[in-house]
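This report concerns only the one structure given below.
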Amino acid sequence: GATSLEEAREFFHSIANGAMMIKALAGGGGRGMRVVTHADEIETAYERSRSEAEQAFGNGDLYVEQLVTDARHIEVQVVGDNSGKIIHLGERECSIQRRHQKLVEIAPAPGLNEQLRDMLCNAAVKLAKEARYKNLGTFEFLVDRNQEASDEHAFSFIEANARLQVEHTVTEK
């Protein structure tokens, strides 16, 4: 749901690394996003994100998440049917970005260890099952490069999209 300015401030002060992203709830394509690394930036970043989101999407609602400064952006595609069966279609690397907009997608994600690949795909399926998902979709995660080989805390769910997000270089593989 939407995060108020006061909730954004509280969240910022609660996180360990002291950095967060403010993001448009109805957003995409890098619009309505701001990085906040100092408490005195919160209000300005919040208002700019809100204004940009309102203009771009007709909805100024925002949410916040902890900033992972050295992250890989990994996406997993899933398929859910009316019987409750959910499968994944593998993962892809979407880390090459400019202004939070993906430029290159590579499938499968190069150099991703098999244990982490399985954990990401299993997490996407588990999330889709919990939501009783009945569609094609894309589940997105951030993988902390500093914890990549360690455990299930190496990644965070960021969003799901009720569509397959596919670039030509992925579908042509």
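All residue names refer to the structure tokens as shown: chains lettered A, B, ... in order, residues numbered from 1 in each chain, ligands numbered from 1 in order.
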
**Request:** Quick one: everything within 6 Å of Arg92 (chain A), counting only C-alpha atoms, minus sequence neighbours fewer than 2 positions away in the same chain. Send it as a list of chain:residue names.
**Result:**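 Those residues are A:Ile74, A:Glu75, A:Ile106, A:Ala107, A:Pro108, A:Ala109.
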
File of the preceding selection, C-alpha atoms, as a compact mmCIF listing (two decimals), in the first residue's frame:
# COMPACT_ATOMS: atom_id res chain seq x y z
CA ILE A 74 16.96 -10.91 -11.31
CA GLU A 75 13.51 -11.70 -12.70
CA ILE A 106 20.16 -12.10 -20.33
CA ALA A 107 18.71 -15.57 -19.78
CA PRO A 108 19.77 -17.54 -17.92
CA ALA A 109 21.46 -15.13 -15.51

**Prompt:** Taking the backbone alone, and naming residues the way the document does, which bits of region 80-132 of chain A are strand (DSSP E) by DSSP, as a PyMOL selection string?
**Reply:** chain A and resi 80+86-98+101-106

Interface rows for region 66-126 of chain A against region 36-54 of chain A: nearest pair, Å to one decimal, 12 Å, only C-alpha atoms, as a Markdown table:
| residue | atom | partner | partner_atom | distance |
| --- | --- | --- | --- | --- |
| A:Gln66 | CA | A:Val36 | CA | 9.6 |
| A:Leu67 | CA | A:Val36 | CA | 8.4 |
| A:Val68 | CA | A:Thr37 | CA | 11.5 |
| A:Thr69 | CA | A:Thr37 | CA | 10.7 |

Keeping only C-alpha atoms, write those residues as a JSON list (two decimals), in the first residue's frame.
[["chain", "number", "residue", "atom", "x", "y", "z"],
["A", 66, "GLN", "CA", 15.75, -0.48, 1.55],
["A", 67, "LEU", "CA", 18.38, 0.42, -1.01],
["A", 68, "VAL", "CA", 20.73, -2.41, -1.92],
["A", 69, "THR", "CA", 23.71, -0.53, -3.29]]

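Distances to Arg99 (chain A) were evaluated for A:Lys85, A:Lys23, A:Arg31, A:Arg9 using only C-alpha atoms, and the minimum falls at A:Arg31.
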
**Prompt:** DSSP on the backbone: what in region 71-159 of chain A comes out alpha helix (DSSP H), as a ChimeraX atom specification?
**Reply:** /A:114-130

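Closest approach to Cys94 (chain A) from the set A:Gly27, A:Pro110, A:Gly80, A:Gly58 is made by A:Pro110, with distances taken over only C-alpha atoms.
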
Ala154 (chain A) environment, 10 Å, only C-alpha atoms, sequence neighbours closer than 5 positions dropped, as an mmCIF file with N, CA and C atoms, in the first residue's frame:
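Below is the file that was written, around-v6.cif:
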data_model
loop_
_atom_site.group_PDB
_atom_site.id
_atom_site.type_symbol
_atom_site.label_atom_id
_atom_site.label_comp_id
_atom_site.auth_asym_id
_atom_site.auth_seq_id
_atom_site.Cartn_x
_atom_site.Cartn_y
_atom_site.Cartn_z
ATOM 1 N N ALA A 71 23.587 -4.417 -6.142
ATOM 2 C CA ALA A 71 22.572 -5.445 -6.389
ATOM 3 C C ALA A 71 22.572 -5.935 -7.823
ATOM 4 N N LEU A 116 21.402 -20.481 -5.425
ATOM 5 C CA LEU A 116 20.680 -19.218 -5.413
ATOM 6 C C LEU A 116 19.636 -19.187 -6.531
ATOM 7 N N MET A 119 16.735 -21.056 -5.242
ATOM 8 C CA MET A 119 16.023 -20.304 -4.201
ATOM 9 C C MET A 119 15.158 -19.194 -4.814
ATOM 10 N N LEU A 120 15.681 -18.489 -5.806
ATOM 11 C CA LEU A 120 14.921 -17.426 -6.455
ATOM 12 C C LEU A 120 13.697 -17.976 -7.183
ATOM 13 N N LEU A 142 15.924 -8.414 -5.991
ATOM 14 C CA LEU A 142 17.263 -7.843 -5.924
ATOM 15 C C LEU A 142 18.141 -8.825 -5.167
ATOM 16 N N VAL A 143 19.298 -9.111 -5.725
ATOM 17 C CA VAL A 143 20.272 -10.003 -5.093
ATOM 18 C C VAL A 143 21.443 -9.140 -4.639
ATOM 19 N N ASP A 144 21.740 -9.189 -3.358
ATOM 20 C CA ASP A 144 22.855 -8.432 -2.781
ATOM 21 C C ASP A 144 24.154 -9.145 -3.164
ATOM 22 N N ARG A 145 24.948 -8.525 -4.001
ATOM 23 C CA ARG A 145 26.203 -9.146 -4.453
ATOM 24 C C ARG A 145 27.138 -9.476 -3.287
ATOM 25 N N ASN A 146 27.015 -8.750 -2.180
ATOM 26 C CA ASN A 146 27.876 -8.988 -1.025
ATOM 27 C C ASN A 146 27.465 -10.216 -0.231
ATOM 28 N N GLN A 147 26.262 -10.729 -0.460
ATOM 29 C CA GLN A 147 25.787 -11.931 0.239
ATOM 30 C C GLN A 147 25.402 -13.026 -0.733
ATOM 31 N N GLU A 148 25.699 -12.850 -1.999
ATOM 32 C CA GLU A 148 25.183 -13.705 -3.062
ATOM 33 C C GLU A 148 25.385 -15.191 -2.825
ATOM 34 N N ALA A 149 26.495 -15.581 -2.289
ATOM 35 C CA ALA A 149 26.776 -17.007 -2.125
ATOM 36 C C ALA A 149 26.328 -17.539 -0.770
#

**Request:** Select, from A:Asn59, A:Ser95, A:Thr138, A:Asn122, the residue with the minimum atom-to-atom distance to Val76 (chain A), counting only C-alpha atoms.
**Result:**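 Closest to Val76 (chain A), using only C-alpha atoms: A:Thr138.
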
**Message:** Please compute the CA of Asn135 (chain A)-CA of Ile22 (chain A) distance, one decimal, in Å.
**Reply:**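 One can read the CA of Asn135 (chain A) to CA of Ile22 (chain A) distance as 28.2 Å.
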
**Prompt:** What gap, in Å, lies between CA of Phe155 (chain A) and CA of Lys134 (chain A)?
**Reply:** 24.6 Å

**Message:** To one decimal place in Å, what is the distance between CA of Asn161 (chain A) and CA of Ala26 (chain A)?
**Reply:**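 Taking CA of Asn161 (chain A) as the start and CA of Ala26 (chain A) as the end point, the length is 11.0 Å.
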